[in-house]
Structures are given as structure tokens and as C-alpha cells.
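This is entry_21.csv. It holds CSV, C-alpha atoms.
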chain,number,residue,atom,x,y,z
T,1,MET,CA,-15.8,-18.1,54.3
T,2,LYS,CA,-17.2,-20.7,51.9
T,3,ALA,CA,-16.6,-24.4,52.5
T,4,GLU,CA,-14.9,-24.8,49.1
T,5,GLU,CA,-12.5,-22.0,50.0
T,6,PHE,CA,-11.6,-23.6,53.3
T,7,ASP,CA,-11.1,-26.9,51.5
T,8,ARG,CA,-8.6,-25.2,49.2
T,9,LEU,CA,-6.7,-23.8,52.2
T,10,THR,CA,-6.7,-27.2,53.8
T,11,ASP,CA,-5.3,-28.9,50.7
T,12,ARG,CA,-2.6,-26.3,50.3
T,13,LEU,CA,-1.6,-26.6,54.0
T,14,VAL,CA,-1.6,-30.4,53.8
T,15,GLU,CA,0.6,-30.2,50.7
T,16,GLU,CA,3.1,-28.1,52.6
T,17,LEU,CA,3.1,-30.4,55.6
T,18,ARG,CA,3.5,-33.5,53.5
T,19,SER,CA,6.5,-32.0,51.8
T,20,ALA,CA,8.1,-31.3,55.2
T,21,PHE,CA,7.2,-34.8,56.4
T,22,MET,CA,8.9,-36.5,53.4
T,23,HIS,CA,12.0,-34.2,53.4
T,24,PHE,CA,12.5,-34.9,57.1
T,25,ASP,CA,12.0,-38.6,56.7
T,26,LEU,CA,14.7,-38.6,54.0
T,27,PHE,CA,17.0,-36.5,56.1
T,28,LYS,CA,16.7,-38.9,59.0
T,29,ALA,CA,17.0,-42.0,56.8
T,30,LEU,CA,20.0,-40.8,54.9
T,31,ASN,CA,21.7,-39.5,58.0
T,32,SER,CA,21.3,-42.9,59.6
T,33,GLU,CA,22.9,-44.6,56.6
T,34,ARG,CA,26.2,-43.1,57.6
T,35,LEU,CA,26.5,-46.0,60.0
T,36,ASN,CA,25.8,-48.6,57.4
T,37,HIS,CA,27.4,-47.1,54.3
T,38,GLY,CA,29.9,-44.6,55.7
T,39,CYS,CA,32.7,-45.8,53.5
T,40,ILE,CA,30.6,-45.6,50.4
T,41,MET,CA,29.3,-42.1,51.3
T,42,ASN,CA,32.8,-40.9,52.0
T,43,ARG,CA,33.7,-41.5,48.4
T,44,SER,CA,31.4,-38.6,47.5
T,45,LYS,CA,31.3,-36.9,50.9
T,46,HIS,CA,30.5,-33.4,49.6
T,47,PHE,CA,27.6,-34.7,47.6
T,48,TRP,CA,26.1,-36.6,50.5
T,49,SER,CA,26.7,-33.9,53.0
T,50,LEU,CA,25.0,-31.3,50.8
T,51,THR,CA,22.1,-33.7,50.0
T,52,ILE,CA,21.4,-34.6,53.6
T,53,ASN,CA,21.6,-31.0,54.6
T,54,ALA,CA,19.3,-29.9,51.8
T,55,HIS,CA,16.6,-32.1,53.1
T,56,LEU,CA,17.0,-30.6,56.6
T,57,GLU,CA,17.0,-27.1,55.1
T,58,SER,CA,13.9,-27.8,53.1
T,59,THR,CA,12.1,-29.1,56.2
T,60,ARG,CA,13.0,-26.0,58.2
T,61,SER,CA,12.0,-23.7,55.4
T,62,ILE,CA,8.6,-25.4,54.9
T,63,MET,CA,7.9,-25.5,58.7
T,64,GLY,CA,8.8,-21.8,58.9
T,65,ARG,CA,5.8,-21.3,56.6
T,66,VAL,CA,3.6,-23.8,58.4
T,67,TYR,CA,4.2,-22.1,61.7
T,68,ASP,CA,3.9,-18.5,60.3
T,69,GLN,CA,2.4,-16.3,63.0
T,70,ASP,CA,1.1,-13.6,60.6
T,71,GLN,CA,-2.7,-14.2,60.0
T,72,LYS,CA,-2.4,-12.6,56.6
T,73,ASN,CA,-0.5,-15.8,55.5
T,74,LEU,CA,-1.6,-19.4,55.4
T,75,GLY,CA,-0.2,-21.4,58.3
T,76,ILE,CA,-1.4,-23.7,60.9
T,77,LYS,CA,-2.3,-20.8,63.2
T,78,SER,CA,-4.4,-18.8,60.7
T,79,TRP,CA,-6.0,-22.0,59.5
T,80,LEU,CA,-7.1,-23.0,63.0
T,81,ILE,CA,-8.5,-19.5,63.6
T,82,ILE,CA,-10.5,-19.7,60.3
T,83,PHE,CA,-11.7,-23.2,61.4
T,84,LYS,CA,-12.8,-21.9,64.8
T,85,GLU,CA,-14.6,-18.9,63.3
T,86,HIS,CA,-16.5,-20.7,60.5
T,87,PHE,CA,-16.5,-24.4,60.8
T,88,VAL,CA,-16.7,-25.6,64.4
T,89,ARG,CA,-20.0,-27.5,64.7
T,90,PRO,CA,-21.5,-27.0,68.2
T,91,GLU,CA,-23.9,-29.9,67.7
T,92,PHE,CA,-20.9,-32.3,67.8
T,93,PHE,CA,-19.4,-31.1,71.1
T,94,GLU,CA,-20.8,-34.1,73.1
T,95,PRO,CA,-18.2,-36.9,73.2
T,96,HIS,CA,-20.8,-39.6,72.3
T,97,GLU,CA,-22.3,-37.9,69.3
T,98,LEU,CA,-21.2,-38.9,65.8
T,99,ASP,CA,-23.2,-38.4,62.7
T,100,LYS,CA,-23.5,-40.6,59.6
T,101,PHE,CA,-20.3,-39.0,58.2
T,102,ASN,CA,-18.3,-40.1,61.2
T,103,ARG,CA,-17.5,-36.5,62.1
T,104,ARG,CA,-15.7,-36.2,65.5
T,105,PRO,CA,-16.6,-34.1,68.5
T,106,LEU,CA,-14.6,-31.4,70.1
T,107,GLN,CA,-14.5,-30.4,73.7
T,108,LYS,CA,-15.5,-26.8,74.5
T,109,GLY,CA,-12.5,-24.6,74.6
T,110,GLU,CA,-10.3,-27.3,73.0
T,111,ILE,CA,-9.7,-25.3,69.8
T,112,ASP,CA,-8.5,-22.3,71.8
T,113,THR,CA,-5.9,-24.6,73.5
T,114,ASP,CA,-4.9,-25.9,70.1
T,115,ILE,CA,-4.4,-22.4,68.7
T,116,GLU,CA,-2.2,-21.4,71.6
T,117,SER,CA,-0.1,-24.6,71.0
T,118,VAL,CA,1.0,-23.3,67.6
T,119,THR,CA,1.8,-19.7,68.7
T,120,THR,CA,5.0,-18.4,70.3
T,121,LYS,CA,3.4,-18.8,73.7
T,122,ASP,CA,4.5,-22.4,73.3
T,123,LYS,CA,8.2,-22.8,74.2
T,124,LEU,CA,9.1,-25.1,71.3
T,125,VAL,CA,7.3,-23.0,68.7
T,126,GLU,CA,9.0,-19.9,70.2
T,127,ALA,CA,12.4,-21.5,69.9
T,128,PHE,CA,11.8,-22.6,66.3
T,129,TYR,CA,10.0,-19.5,65.0
T,130,ILE,CA,11.7,-16.6,66.8
T,131,LYS,CA,15.2,-18.0,67.3
T,132,HIS,CA,15.6,-20.1,64.2
T,133,ARG,CA,13.1,-18.9,61.6
T,134,HIS,CA,13.7,-15.2,62.2
T,135,THR,CA,17.4,-15.3,62.5
T,136,GLU,CA,18.7,-18.2,60.2
T,137,ILE,CA,16.0,-19.6,58.0
T,138,ALA,CA,13.9,-16.8,56.5
T,139,HIS,CA,16.5,-14.1,57.3
T,140,ILE,CA,20.1,-14.0,58.4
T,141,SER,CA,20.3,-11.8,61.5
T,142,LEU,CA,22.7,-8.9,60.9
T,143,LYS,CA,23.1,-8.4,64.6
T,144,ASN,CA,23.9,-12.0,65.3
T,145,SER,CA,26.2,-12.3,62.4
T,146,LYS,CA,28.2,-9.2,63.5
T,147,SER,CA,28.6,-10.8,67.0
T,148,GLY,CA,29.3,-14.3,65.7
T,149,VAL,CA,26.1,-15.7,67.3
T,150,SER,CA,24.2,-18.6,65.7
T,151,PHE,CA,20.9,-19.6,67.3
T,152,PHE,CA,21.2,-22.9,65.5
T,153,SER,CA,24.2,-23.5,67.8
T,154,GLU,CA,23.0,-21.5,70.8
T,155,HIS,CA,19.5,-22.9,70.9
T,156,PRO,CA,19.6,-26.2,68.9
T,157,LEU,CA,16.5,-28.2,68.2
T,158,THR,CA,16.8,-32.0,68.3
T,159,ILE,CA,15.5,-34.3,65.6
T,160,GLU,CA,12.8,-35.3,68.1
T,161,GLU,CA,11.7,-31.6,68.5
T,162,HIS,CA,11.6,-31.0,64.7
T,163,GLN,CA,9.5,-34.2,64.4
T,164,ALA,CA,7.2,-33.0,67.2
T,165,LEU,CA,6.5,-29.8,65.4
T,166,ILE,CA,5.6,-31.7,62.2
T,167,ASP,CA,3.5,-34.2,64.1
T,168,ARG,CA,1.7,-31.5,66.1
T,169,ALA,CA,0.6,-29.7,62.9
T,170,ALA,CA,-0.5,-32.9,61.3
T,171,SER,CA,-2.5,-34.0,64.3
T,172,LEU,CA,-4.3,-30.7,64.6
T,173,ILE,CA,-5.2,-30.7,60.9
T,174,ASN,CA,-6.6,-34.2,61.1
T,175,LYS,CA,-8.5,-33.6,64.4
T,176,CYS,CA,-10.2,-30.5,62.8
T,177,THR,CA,-11.0,-32.1,59.5
T,178,ALA,CA,-12.4,-35.2,61.3
T,179,HIS,CA,-14.7,-32.8,63.1
T,180,TYR,CA,-15.5,-30.8,60.0
T,181,SER,CA,-15.9,-33.5,57.3
T,182,GLY,CA,-15.1,-36.8,58.9
T,183,ILE,CA,-11.9,-37.3,56.8
T,184,GLY,CA,-8.2,-37.4,57.6
T,185,TYR,CA,-4.9,-36.9,55.7
T,186,ALA,CA,-1.9,-39.2,55.4
T,187,MET,CA,1.3,-37.2,55.7
T,188,THR,CA,3.4,-39.2,53.3
T,189,THR,CA,2.8,-40.2,49.6
T,190,MET,CA,6.0,-42.1,48.9
T,191,GLU,CA,7.9,-45.2,49.8
T,192,ASN,CA,10.6,-43.5,51.9
T,193,ALA,CA,13.0,-46.4,51.7
T,194,ASP,CA,13.4,-46.3,47.9
T,195,TYR,CA,16.8,-44.6,48.4
T,196,ARG,CA,18.1,-48.0,49.5
T,197,HIS,CA,18.1,-49.1,45.8
T,198,LEU,CA,20.8,-46.4,45.2
T,199,PHE,CA,22.9,-47.7,48.1
T,200,GLN,CA,22.5,-51.3,46.8
T,201,ARG,CA,23.8,-50.2,43.4
T,202,LEU,CA,26.8,-48.5,45.0
T,203,VAL,CA,27.6,-51.6,47.0
T,204,ASP,CA,27.3,-53.8,43.9
T,205,ASP,CA,29.7,-51.5,42.1
Represent the supplied structure as C-alpha cells.
Amino acid sequence: MKAEEFDRLTDRLVEELRSAFMHFDLFKALNSERLNHGCIMNRSKHFWSLTINAHLESTRSIMGRVYDQDQKNLGIKSWLIIFKEHFVRPEFFEPHELDKFNRRPLQKGEIDTDIESVTTKDKLVEAFYIKHRHTEIAHISLKNSKSGVSFFSEHPLTIEEHQALIDRAASLINKCTAHYSGIGYAMTTMENADYRHLFQRLVDD
């Protein structure tokens, strides 16, 4: 694979992850505002309930793509495999070695461990991808629906676990791009507290 092709894959994957990061930040922030502005939000409770849930649904949908296990699709797993096959630089394996572009070393075997951490061999990925993504996010399980089973309820993931999946993917991308090109990516491109202006207007009214 050519370097420019890999760069395009990286940009597309980072774009996905940034979107998940920002949607989840807003989900957490708006959800926490129930404590501060519960009375105001209750005036339009259906709007706020749907808005908050939409940010969570967007996060889950995007992360279902990021953690896609099919190597025909772009996800963190397929991206790492491509990185391993084409762009690992053996000359930078020694911990003390950095070149003029500040590219970072990797330990031997480290990338294999990283790949495994984004497959269903990992318990958290398995819970999200198999139990959630396959039965409630990308598809609605016919079998589960007939029996009244919801894996969102049976096998819930906490806010911290959703955040851990986002952070894991971001960390692996930045580790690999630091090795490959010496650069890193910020995962947010917005001021995530700008929603507070809306609450201030509602309070003033």
C-alpha cells in the first residue's frame, strides 16, 4: 500500500473517531446538566430526552464502525493490520532511538498485542461488538426481540466503558502515527461547553 493511501485511511478513521468523541462528550455533558437545570429541561422533556439519547446513539453507531471486525471494511482492526504489514519501521524498535522527525519506537510484538486488544478476544470489545452492535445497533435481533431480551439491559456498558473504547482506539492511532510519521491527532475540534450558552438563555427567560 502506498503511503498516501494509508494517510487517507488514517484521516477517515480519525474523522470517525473525532465524531464519536464529540458526540459522547455532549452526551455526558447534557446528561449531567439534569442535576443543574432539571426544572428547565423538564419544560421540554421529550426534546431533551431525544437529544441526549441521539448523542449516545450516534456514539454507539460510529463506534460500531470503528470496531468493525471485517477486514474488508475500515476500522481500527483493519487499520492496525495494514499498519503492521506496510508501515512498521524495524529501525525504530530500540527505545532510545528517535529520528529527526521525532518518530517513536515500538517494542517487538507490541503491535500484535494492540491488534488483539481491538478484536473480540478482548472482553470489552466482545461485549460491545457482539452483544450490542450485532443485536441492537447495526441490527435488531429477531431472536432476542421474540423472547423479549435486550442486551443493552442484560449486558449494559457503563459510561466509563464506552469512554474506554473511544480512548483505546485514539491511543492506538496516535501511537502508530507517532511511529510512522511523528505526528498525533487531537480527538476534539470543538468547544464542548458551548451548549451552556443555550442553558443561560433559558435561565434568563
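Minimum atom-to-atom distances from T:Cys176, T:Leu13, T:Leu202, T:Ala170 to T:Lys84 were compared using only C-alpha atoms, and the lowest value belongs to T:Cys176.
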Give me, as an NGL selection string, all polymer residues having an atom no more than 8 Å from stretch 154-159 of chain T, counting all atoms listed in the file and skipping those fewer than 4 positions away in the same chain.
:T and (127-128 or 131 or 149-150 or 163)
From the list T:Thr120, T:Asn53, T:Asn36, T:Thr188, which residue is nearest T:Asp68 when using only C-alpha atoms?
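Counting only C-alpha atoms, the residue closest to T:Asp68 is T:Thr120.
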Coordinates-based distance that separates atom CA of T:Val125 from atom CA of T:Glu85 (Å, one decimal):
22.9 Å
Long-range neighbours of T:Ser49 as a ChimeraX atom specification, 12 Å cut-off, only C-alpha atoms, 4 positions minimum in chain:
/T:27,30-31,33-34,38,41-45,53-56
Rounded to one decimal, what separation in Å do you get between atom CA of T:Gln69 and atom CA of T:Gln107?
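Interatomic distance, atom CA of T:Gln69 to atom CA of T:Gln107: 24.5 Å.
With all atoms listed in the file as the atoms that count, the residue of T:Glu4, T:Asp25, T:Glu57, T:Asp194 with the shortest distance to T:Ala138 is T:Glu57.
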Which residue, T:Asp167, T:Asp7, T:Glu136, T:Asp114, has the smallest gap to T:Ser153 when you use only C-alpha atoms?
T:Glu136
Expressed in Å to a single decimal, how great is the separation between atom CA of T:Glu116 and atom CA of T:Gly64?
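Those two atoms sit 16.8 Å apart.
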Best match for closeness to T:Asp70 among T:Leu124, T:Ser32, T:Val118, T:Glu5, counting all atoms listed in the file:
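Nearest to T:Asp70: T:Val118.
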